[in-house]
Amino acid sequence: MNRYLDLSEEVRKAIEDKKPIVALESTIISHGMPYPQNVETALKVEEIIREHGAVPATIGIIGGRLKAGLTSEEIDYMGRAKNIAKVSRRDIPYLVAHKRDGATTVASTMIIASMAGIRVFATGGVGGVHRGAEKTMDISADLEELAMTEVAVVCAGAKSILDLGLTLEYLETKGVPVLGYQTEELPAFYTRKSGFAVDYKADTPEEIADILRTKWDLGLKGGALIANPIPEEYSMDADLIARVIEDAVKEAEALGIKGKDTTPFLLAKIKEITGGESLESNIQLVYNNARLAAKIAVSL
Ligand code: PSU
Ligand code: MN
């Protein structure tokens with residue numbers, strides 16, 4: 001075991017007993033949702049994973065220790081504390097060396113999950129190629145991580161704050177399979193449709209587990225993106241959300257928002273404009289992804 005890594009008691013026991021484990025990220029807690037909904041959601045997600053026969057491992061960095069499995073007190077702390085850094089791959093050494101706290105993104109959650117031997121991870125949305133990336137070169141490190149680290153990420157697709165077409169092109173170049181769960185189309189987070197096709201449709205968690213096992217048995221490195229559409233009853237009006245995102249992207253440009261602040265700024269703006277509706281959709285799609293991830297982990 002890596003000397004910088006701490007396992008929670010529950011995760012340690014699950015590894016020992018060879019039980020299925022699902023990783024969860026903490027940027028969604030510290031930067032993705034307001035308090036107290038962030039903490040309530042994080043705890044409920046863990047409960048859903050347990051109900052489906054797997055063990056949750058919420059991942060983060062506390063006092064410079066990489067944590068696979070946070071206690072409910074630690075989750076509450078990550079949800080309440082201000083100034084918790086958003087941590088991607090490049091930030092890990094600094095935070096660990098300086099014994100700081102950090103909320104892990106998809107990329108850094110994959111790294112820590114992989115250190116703990118965890119292969120399945122549930123979240124809301126992944127980072128990707130931003131609109132205008134041909135100029136800004138703003139491409140999330142999440143995509144590079146999917147190319148190199150053996151973890152399958154279950155998400156509800158990606159928000160159209162990103163350029164979804166370019167994101168798919170990037171994933172193709174990097175050899176990352178994009179599997180649609182019971183869909184041919186890449187979902188766009190708040191909505192079930194995006195106009196872009198996934199690489200392959202998979203109809204059951206067992207089929208997904210089989211494809212993942214085969215990929216890794218073949219010695220092909222890297223992960224996979226599992227796209228799980230938001231349940232119909234919680235999906236939002238496509239025109240409304242398109243307009244809101246358009247406005248948010250324009251405002252970010254006008255304010256000169258750059259780098260790691262872009263995604264949190266856009267997410268906060270969308271929430272500000274659409275109020276509780278988008279938050280409720282966001283929460284429900286995370287629950288939906290937790291259910292699917294637990295089933296895939298059990299099957300694996
Ligand atoms: N997209 C969402 N919700 C999120 C994120 C992205 O819809 O919470 C977070 C995730 O933690 C993701 C990170 O890994 O933002 C990507 O940030 P960046 O674009 O700066 O790589
Ligand atoms: Mn970026």
# chains A, B, ... in the order shown; residues from 1 in each chain; ligands from 1

call {"tool": "residues_near_ligand", "arguments": {"ligand": "ligand 1", "cutoff": "8 Å", "atoms": "only C-alpha atoms and all ligand atoms", "output": "NGL selection string"}}
result
:A and (25-29 or 31-33 or 86 or 88 or 104-108 or 123-128 or 130 or 138-142 or 158-159 or 189 or 259-264 or 267)

call {"tool": "residues_around", "arguments": {"residues": "Ala238 in chain A", "least_positions_apart": "2", "cutoff": "12 Å", "atoms": "only C-alpha atoms", "output": "list in words"}}
result
Lys159, Ser160, Pro187, Ala188, Phe189, Tyr190, Thr191, Arg192, Lys193, Ser194, Gly195, Ser235, Met236, Leu240, Ile241, Ala242, Arg243, Val244, Ile245 and Ser278 of chain A

call {"tool": "residues_around", "arguments": {"residues": "Glu184 in chain A", "least_positions_apart": "5", "cutoff": "6 Å", "atoms": "only C-alpha atoms", "output": "NGL selection string"}}
result
:A and (197-198 or 201)

call {"tool": "write_last_selection", "arguments": {"atoms": "C-alpha atoms", "output": "mmCIF file, in the first residue's frame"}}
result
data_model
loop_
_atom_site.group_PDB
_atom_site.id
_atom_site.type_symbol
_atom_site.label_atom_id
_atom_site.label_comp_id
_atom_site.auth_asym_id
_atom_site.auth_seq_id
_atom_site.Cartn_x
_atom_site.Cartn_y
_atom_site.Cartn_z
ATOM 1 C CA ALA A 197 -23.455 9.073 -30.388
ATOM 2 C CA VAL A 198 -21.617 6.986 -27.787
ATOM 3 C CA LYS A 201 -24.553 0.812 -26.185
#

call {"tool": "atom_distance", "arguments": {"atom1": "CA of Thr204 in chain A", "atom2": "CA of Ala297 in chain A"}}
result
12.4 Å

call {"tool": "residues_around", "arguments": {"residues": "range 18-20 of chain A", "least_positions_apart": "6", "cutoff": "10 Å", "atoms": "only C-alpha atoms", "output": "ChimeraX atom specification"}}
result
/A:11-12,49-50,53-56,118-120,294-300

call {"tool": "write_last_selection", "arguments": {"atoms": "N, CA, C and O atoms", "output": "short mmCIF file (atom, residue, chain, number, x, y, z; two decimals), in the first residue's frame"}}
result
data_model
loop_
_atom_site.label_atom_id
_atom_site.label_comp_id
_atom_site.auth_asym_id
_atom_site.auth_seq_id
_atom_site.Cartn_x
_atom_site.Cartn_y
_atom_site.Cartn_z
N VAL A 11 -13.44 0.53 4.16
CA VAL A 11 -12.77 0.21 2.89
C VAL A 11 -11.68 -0.84 3.11
O VAL A 11 -11.52 -1.77 2.32
N ARG A 12 -10.96 -0.71 4.21
CA ARG A 12 -9.91 -1.69 4.53
C ARG A 12 -10.50 -3.09 4.61
O ARG A 12 -10.02 -4.05 4.04
N ILE A 49 -25.10 2.99 -2.42
CA ILE A 49 -24.09 2.01 -2.83
C ILE A 49 -24.12 0.79 -1.90
O ILE A 49 -24.07 -0.35 -2.36
N ARG A 50 -24.25 1.05 -0.61
CA ARG A 50 -24.35 -0.08 0.34
C ARG A 50 -25.60 -0.90 0.08
O ARG A 50 -25.56 -2.13 0.09
N GLY A 53 -25.20 -3.53 -2.46
CA GLY A 53 -24.24 -4.62 -2.24
C GLY A 53 -22.78 -4.26 -2.44
O GLY A 53 -21.93 -5.16 -2.51
N ALA A 54 -22.46 -2.97 -2.51
CA ALA A 54 -21.05 -2.57 -2.64
C ALA A 54 -20.68 -1.64 -1.48
O ALA A 54 -21.54 -1.24 -0.69
N VAL A 55 -19.41 -1.33 -1.38
CA VAL A 55 -18.92 -0.48 -0.30
C VAL A 55 -18.45 0.85 -0.90
O VAL A 55 -17.70 0.85 -1.87
N PRO A 56 -18.92 1.98 -0.35
CA PRO A 56 -18.50 3.27 -0.90
C PRO A 56 -17.14 3.70 -0.36
O PRO A 56 -16.81 3.46 0.80
N ILE A 118 -9.25 0.12 -6.47
CA ILE A 118 -10.68 0.28 -6.78
C ILE A 118 -10.83 0.58 -8.27
O ILE A 118 -10.13 1.44 -8.80
N ARG A 119 -11.75 -0.13 -8.93
CA ARG A 119 -11.87 -0.03 -10.38
C ARG A 119 -13.12 0.69 -10.88
O ARG A 119 -13.27 0.92 -12.08
N VAL A 120 -14.07 0.96 -9.98
CA VAL A 120 -15.32 1.58 -10.43
C VAL A 120 -15.56 2.85 -9.60
O VAL A 120 -15.34 2.87 -8.39
N ALA A 294 -22.64 0.68 -8.52
CA ALA A 294 -22.64 -0.42 -7.55
C ALA A 294 -22.91 -1.75 -8.25
O ALA A 294 -22.25 -2.75 -8.00
N LYS A 295 -23.86 -1.75 -9.18
CA LYS A 295 -24.18 -2.99 -9.90
C LYS A 295 -23.00 -3.45 -10.76
O LYS A 295 -22.73 -4.65 -10.85
N ILE A 296 -22.32 -2.50 -11.39
CA ILE A 296 -21.15 -2.86 -12.21
C ILE A 296 -20.05 -3.44 -11.30
O ILE A 296 -19.44 -4.46 -11.62
N ALA A 297 -19.84 -2.78 -10.16
CA ALA A 297 -18.79 -3.24 -9.22
C ALA A 297 -19.10 -4.65 -8.71
O ALA A 297 -18.21 -5.50 -8.63
N VAL A 298 -20.37 -4.90 -8.42
CA VAL A 298 -20.78 -6.23 -7.93
C VAL A 298 -20.51 -7.26 -9.03
O VAL A 298 -19.95 -8.33 -8.78
N SER A 299 -20.84 -6.92 -10.26
CA SER A 299 -20.65 -7.84 -11.37
C SER A 299 -19.17 -8.09 -11.67
O SER A 299 -18.77 -9.21 -11.99
N LEU A 300 -18.37 -7.06 -11.53
CA LEU A 300 -16.92 -7.21 -11.76
C LEU A 300 -16.29 -8.13 -10.72
O LEU A 300 -15.32 -8.81 -10.95
#

call {"tool": "select_by_dssp", "arguments": {"residues": "range 70-192 of chain A", "states": "strand (DSSP E or B)", "output": "MDAnalysis selection string"}}
result
chainID A and resid 85:87 102:104 120:122 129:130 139 152:155 157 162 178:181 185 188 191

call {"tool": "write_last_selection", "arguments": {"atoms": "N, CA and C atoms", "output": "PDB file, in the first residue's frame"}}
result
ATOM      1  N   ALA A  85      -8.929  23.275  -1.422  1.00  0.00           N
ATOM      2  CA  ALA A  85      -8.429  23.356  -2.798  1.00  0.00           C
ATOM      3  C   ALA A  85      -9.088  22.313  -3.690  1.00  0.00           C
ATOM      4  N   LYS A  86      -9.289  22.688  -4.939  1.00  0.00           N
ATOM      5  CA  LYS A  86      -9.738  21.736  -5.951  1.00  0.00           C
ATOM      6  C   LYS A  86      -8.475  21.068  -6.506  1.00  0.00           C
ATOM      7  N   VAL A  87      -8.421  19.759  -6.398  1.00  0.00           N
ATOM      8  CA  VAL A  87      -7.185  19.041  -6.680  1.00  0.00           C
ATOM      9  C   VAL A  87      -7.283  18.141  -7.893  1.00  0.00           C
ATOM     10  N   GLY A 102      -7.637  18.812   0.378  1.00  0.00           N
ATOM     11  CA  GLY A 102      -8.009  18.990  -1.022  1.00  0.00           C
ATOM     12  C   GLY A 102      -9.210  18.150  -1.400  1.00  0.00           C
ATOM     13  N   ALA A 103     -10.052  18.752  -2.235  1.00  0.00           N
ATOM     14  CA  ALA A 103     -11.203  18.031  -2.790  1.00  0.00           C
ATOM     15  C   ALA A 103     -10.763  17.474  -4.135  1.00  0.00           C
ATOM     16  N   THR A 104     -10.970  16.181  -4.333  1.00  0.00           N
ATOM     17  CA  THR A 104     -10.444  15.537  -5.532  1.00  0.00           C
ATOM     18  C   THR A 104     -11.438  15.572  -6.690  1.00  0.00           C
ATOM     19  N   VAL A 120     -14.067   0.964  -9.981  1.00  0.00           N
ATOM     20  CA  VAL A 120     -15.322   1.583 -10.428  1.00  0.00           C
ATOM     21  C   VAL A 120     -15.561   2.853  -9.601  1.00  0.00           C
ATOM     22  N   PHE A 121     -16.031   3.887 -10.281  1.00  0.00           N
ATOM     23  CA  PHE A 121     -16.137   5.218  -9.660  1.00  0.00           C
ATOM     24  C   PHE A 121     -17.427   5.874 -10.181  1.00  0.00           C
ATOM     25  N   ALA A 122     -18.233   6.391  -9.274  1.00  0.00           N
ATOM     26  CA  ALA A 122     -19.466   7.075  -9.683  1.00  0.00           C
ATOM     27  C   ALA A 122     -19.360   8.567  -9.408  1.00  0.00           C
ATOM     28  N   VAL A 129     -13.241  18.748 -23.008  1.00  0.00           N
ATOM     29  CA  VAL A 129     -12.696  19.814 -23.841  1.00  0.00           C
ATOM     30  C   VAL A 129     -13.670  20.991 -23.780  1.00  0.00           C
ATOM     31  N   HIS A 130     -13.183  22.133 -23.313  1.00  0.00           N
ATOM     32  CA  HIS A 130     -14.065  23.294 -23.199  1.00  0.00           C
ATOM     33  C   HIS A 130     -14.377  23.906 -24.552  1.00  0.00           C
ATOM     34  N   ILE A 139      -8.465  21.934 -21.675  1.00  0.00           N
ATOM     35  CA  ILE A 139      -8.905  20.536 -21.773  1.00  0.00           C
ATOM     36  C   ILE A 139      -8.684  19.914 -20.404  1.00  0.00           C
ATOM     37  N   ALA A 152     -13.092   2.732 -14.208  1.00  0.00           N
ATOM     38  CA  ALA A 152     -14.265   3.055 -15.033  1.00  0.00           C
ATOM     39  C   ALA A 152     -15.067   4.141 -14.319  1.00  0.00           C
ATOM     40  N   VAL A 153     -15.399   5.199 -15.028  1.00  0.00           N
ATOM     41  CA  VAL A 153     -16.100   6.329 -14.435  1.00  0.00           C
ATOM     42  C   VAL A 153     -17.546   6.358 -14.941  1.00  0.00           C
ATOM     43  N   VAL A 154     -18.473   6.215 -14.002  1.00  0.00           N
ATOM     44  CA  VAL A 154     -19.895   6.267 -14.353  1.00  0.00           C
ATOM     45  C   VAL A 154     -20.372   7.701 -14.166  1.00  0.00           C
ATOM     46  N   CYS A 155     -20.868   8.313 -15.247  1.00  0.00           N
ATOM     47  CA  CYS A 155     -21.293   9.705 -15.180  1.00  0.00           C
ATOM     48  C   CYS A 155     -22.589   9.861 -15.972  1.00  0.00           C
ATOM     49  N   GLY A 157     -22.864  11.744 -18.527  1.00  0.00           N
ATOM     50  CA  GLY A 157     -22.372  12.439 -19.711  1.00  0.00           C
ATOM     51  C   GLY A 157     -21.640  13.687 -19.270  1.00  0.00           C
ATOM     52  N   LEU A 162     -19.129  22.248 -21.986  1.00  0.00           N
ATOM     53  CA  LEU A 162     -18.015  21.699 -22.762  1.00  0.00           C
ATOM     54  C   LEU A 162     -18.414  21.593 -24.218  1.00  0.00           C
ATOM     55  N   VAL A 178     -16.284   4.860 -24.748  1.00  0.00           N
ATOM     56  CA  VAL A 178     -17.439   5.544 -24.156  1.00  0.00           C
ATOM     57  C   VAL A 178     -18.648   4.628 -24.351  1.00  0.00           C
ATOM     58  N   LEU A 179     -19.135   4.079 -23.246  1.00  0.00           N
ATOM     59  CA  LEU A 179     -20.257   3.141 -23.300  1.00  0.00           C
ATOM     60  C   LEU A 179     -21.531   3.829 -22.820  1.00  0.00           C
ATOM     61  N   GLY A 180     -22.578   3.726 -23.587  1.00  0.00           N
ATOM     62  CA  GLY A 180     -23.870   4.293 -23.175  1.00  0.00           C
ATOM     63  C   GLY A 180     -24.684   3.210 -22.480  1.00  0.00           C
ATOM     64  N   TYR A 181     -25.175   3.503 -21.295  1.00  0.00           N
ATOM     65  CA  TYR A 181     -26.003   2.523 -20.594  1.00  0.00           C
ATOM     66  C   TYR A 181     -27.434   2.630 -21.115  1.00  0.00           C
ATOM     67  N   GLU A 185     -27.013   7.320 -27.422  1.00  0.00           N
ATOM     68  CA  GLU A 185     -26.640   8.726 -27.493  1.00  0.00           C
ATOM     69  C   GLU A 185     -25.931   9.170 -26.209  1.00  0.00           C
ATOM     70  N   ALA A 188     -26.363  14.524 -21.909  1.00  0.00           N
ATOM     71  CA  ALA A 188     -25.708  15.810 -21.642  1.00  0.00           C
ATOM     72  C   ALA A 188     -26.027  16.295 -20.224  1.00  0.00           C
ATOM     73  N   THR A 191     -29.854  16.675 -19.423  1.00  0.00           N
ATOM     74  CA  THR A 191     -30.783  16.125 -20.414  1.00  0.00           C
ATOM     75  C   THR A 191     -30.272  14.760 -20.895  1.00  0.00           C
TER      76      THR A 191
END

call {"tool": "atom_distance", "arguments": {"atom1": "CA of Asp101 in chain A", "atom2": "CA of Arg80 in chain A"}}
result
12.6 Å

call {"tool": "atom_distance", "arguments": {"atom1": "CA of Asp91 in chain A", "atom2": "CA of Glu73 in chain A"}}
result
24.1 Å

call {"tool": "residues_around", "arguments": {"residues": "Pro177 in chain A", "least_positions_apart": "4", "cutoff": "7 Å", "atoms": "only C-alpha atoms", "output": "PyMOL selection string"}}
result
chain A and resi 199+224-225

call {"tool": "closest_residue", "arguments": {"among": "A:Tyr200, A:Thr136, A:Ile230, A:Pro205", "to": "ligand 2", "atoms": "only C-alpha atoms and all ligand atoms"}}
result
A:Thr136

call {"tool": "residues_around", "arguments": {"residues": "range 249-257 of chain A", "least_positions_apart": "6", "cutoff": "9 Å", "atoms": "only C-alpha atoms", "output": "list in words"}}
result
Arg131, Ile161, Phe265, Leu266 and Lys269 of chain A

call {"tool": "closest_residue", "arguments": {"among": "A:Met110, A:Ala133, A:Ala290, A:Met115", "to": "ligand 2", "atoms": "only C-alpha atoms and all ligand atoms"}}
result
A:Ala133

call {"tool": "residues_around", "arguments": {"residues": "range 146-148 of chain A", "least_positions_apart": "5", "cutoff": "6 Å", "atoms": "only C-alpha atoms", "output": "number ranges by chain"}}
result
A: 174, 176, 221-223

call {"tool": "closest_residue", "arguments": {"among": "A:Glu9, A:Glu47, A:Asp76, A:Glu144", "to": "ligand 2", "atoms": "only C-alpha atoms and all ligand atoms"}}
result
A:Glu144

call {"tool": "select_by_dssp", "arguments": {"residues": "range 19-267 of chain A", "states": "helix (DSSP H, G or I)", "output": "MDAnalysis selection string"}}
result
chainID A and resid 27:30 37:51 72:80 89:97 106:115 133:136 141:148 164:173 205:217 232:234 238:255 259:267

call {"tool": "write_last_selection", "arguments": {"atoms": "C-alpha atoms", "output": "tab-separated table (two decimals), in the first residue's frame"}}
result
chain	number	residue	atom	x	y	z
A	27	THR	CA	-14.88	18.12	-5.62
A	28	ILE	CA	-18.58	17.58	-6.16
A	29	ILE	CA	-18.97	18.02	-2.37
A	30	SER	CA	-16.67	21.02	-1.82
A	37	GLN	CA	-27.29	19.60	0.17
A	38	ASN	CA	-23.71	18.60	-0.72
A	39	VAL	CA	-23.22	16.68	2.53
A	40	GLU	CA	-26.72	15.17	2.51
A	41	THR	CA	-26.19	13.99	-1.07
A	42	ALA	CA	-22.73	12.56	-0.37
A	43	LEU	CA	-24.04	10.55	2.58
A	44	LYS	CA	-27.12	9.35	0.69
A	45	VAL	CA	-24.94	8.26	-2.26
A	46	GLU	CA	-22.88	6.12	0.11
A	47	GLU	CA	-26.10	4.60	1.47
A	48	ILE	CA	-27.35	3.78	-2.03
A	49	ILE	CA	-24.09	2.01	-2.83
A	50	ARG	CA	-24.35	-0.08	0.34
A	51	GLU	CA	-27.99	-0.95	-0.44
A	72	SER	CA	-19.22	11.04	7.79
A	73	GLU	CA	-17.46	13.66	9.94
A	74	GLU	CA	-14.82	14.08	7.23
A	75	ILE	CA	-17.51	14.36	4.55
A	76	ASP	CA	-19.24	17.01	6.64
A	77	TYR	CA	-15.92	18.85	6.97
A	78	MET	CA	-15.31	18.73	3.19
A	79	GLY	CA	-18.80	20.10	2.64
A	80	ARG	CA	-18.60	22.95	5.16
A	89	ARG	CA	-3.29	15.34	-10.86
A	90	ARG	CA	-0.82	18.25	-10.93
A	91	ASP	CA	-1.90	19.54	-7.49
A	92	ILE	CA	-1.41	16.32	-5.50
A	93	PRO	CA	2.32	16.61	-4.68
A	94	TYR	CA	2.06	20.19	-3.42
A	95	LEU	CA	-0.93	19.47	-1.18
A	96	VAL	CA	0.57	16.30	0.22
A	97	ALA	CA	3.98	17.89	0.84
A	106	VAL	CA	-12.40	12.96	-11.40
A	107	ALA	CA	-8.71	12.79	-12.36
A	108	SER	CA	-7.28	12.76	-8.85
A	109	THR	CA	-10.06	10.52	-7.51
A	110	MET	CA	-9.14	7.99	-10.22
A	111	ILE	CA	-5.48	8.15	-9.16
A	112	ILE	CA	-6.24	7.51	-5.49
A	113	ALA	CA	-8.89	4.87	-6.28
A	114	SER	CA	-6.37	3.05	-8.43
A	115	MET	CA	-3.76	3.13	-5.62
A	133	ALA	CA	-10.43	25.08	-26.57
A	134	GLU	CA	-8.89	25.55	-30.01
A	135	LYS	CA	-7.79	28.93	-28.62
A	136	THR	CA	-7.60	28.47	-24.84
A	141	ALA	CA	-6.96	16.57	-17.02
A	142	ASP	CA	-9.85	14.13	-16.44
A	143	LEU	CA	-9.51	13.04	-20.07
A	144	GLU	CA	-5.78	12.26	-19.77
A	145	GLU	CA	-6.48	10.32	-16.61
A	146	LEU	CA	-9.13	8.24	-18.37
A	147	ALA	CA	-6.46	7.44	-20.94
A	148	MET	CA	-3.96	6.12	-18.44
A	164	LEU	CA	-19.13	17.54	-26.43
A	165	GLY	CA	-18.05	16.74	-29.98
A	166	LEU	CA	-14.41	17.65	-29.28
A	167	THR	CA	-14.54	15.80	-25.97
A	168	LEU	CA	-15.55	12.62	-27.80
A	169	GLU	CA	-12.80	13.17	-30.40
A	170	TYR	CA	-10.23	13.54	-27.62
A	171	LEU	CA	-11.43	10.35	-25.92
A	172	GLU	CA	-11.22	8.50	-29.22
A	173	THR	CA	-7.64	9.66	-29.80
A	205	PRO	CA	-24.36	-3.77	-15.74
A	206	GLU	CA	-23.06	-7.30	-16.45
A	207	GLU	CA	-22.34	-6.40	-20.07
A	208	ILE	CA	-20.43	-3.31	-18.95
A	209	ALA	CA	-18.47	-5.31	-16.38
A	210	ASP	CA	-17.64	-7.87	-19.06
A	211	ILE	CA	-16.29	-5.22	-21.44
A	212	LEU	CA	-14.20	-3.66	-18.64
A	213	ARG	CA	-12.81	-7.02	-17.55
A	214	THR	CA	-11.94	-7.82	-21.14
A	215	LYS	CA	-10.21	-4.49	-21.65
A	216	TRP	CA	-8.02	-4.97	-18.59
A	217	ASP	CA	-7.41	-8.68	-19.24
A	232	GLU	CA	-36.62	11.04	-17.50
A	233	GLU	CA	-38.63	12.49	-14.60
A	234	TYR	CA	-35.69	14.64	-13.45
A	238	ALA	CA	-33.20	21.25	-23.28
A	239	ASP	CA	-33.81	24.79	-24.64
A	240	LEU	CA	-33.82	26.35	-21.20
A	241	ILE	CA	-30.57	24.71	-20.19
A	242	ALA	CA	-28.94	25.55	-23.54
A	243	ARG	CA	-29.75	29.25	-23.06
A	244	VAL	CA	-28.53	29.27	-19.47
A	245	ILE	CA	-25.23	27.64	-20.45
A	246	GLU	CA	-24.79	30.07	-23.34
A	247	ASP	CA	-25.18	33.01	-20.93
A	248	ALA	CA	-22.86	31.48	-18.36
A	249	VAL	CA	-20.11	30.85	-20.95
A	250	LYS	CA	-20.40	34.46	-22.20
A	251	GLU	CA	-20.18	35.83	-18.67
A	252	ALA	CA	-17.09	33.70	-17.90
A	253	GLU	CA	-15.43	35.08	-21.04
A	254	ALA	CA	-16.35	38.66	-20.19
A	255	LEU	CA	-14.96	38.29	-16.67
A	259	GLY	CA	-7.97	27.65	-15.78
A	260	LYS	CA	-9.26	25.58	-12.88
A	261	ASP	CA	-11.81	28.27	-11.96
A	262	THR	CA	-13.72	27.90	-15.22
A	263	THR	CA	-15.68	24.75	-14.41
A	264	PRO	CA	-16.71	25.78	-10.86
A	265	PHE	CA	-17.69	29.26	-12.14
A	266	LEU	CA	-19.90	27.84	-14.89
A	267	LEU	CA	-21.50	25.29	-12.55

call {"tool": "closest_residue", "arguments": {"among": "A:Asn288, A:Pro34, A:Lys271, A:Ala202", "to": "Lys82 in chain A", "atoms": "only C-alpha atoms"}}
result
A:Pro34
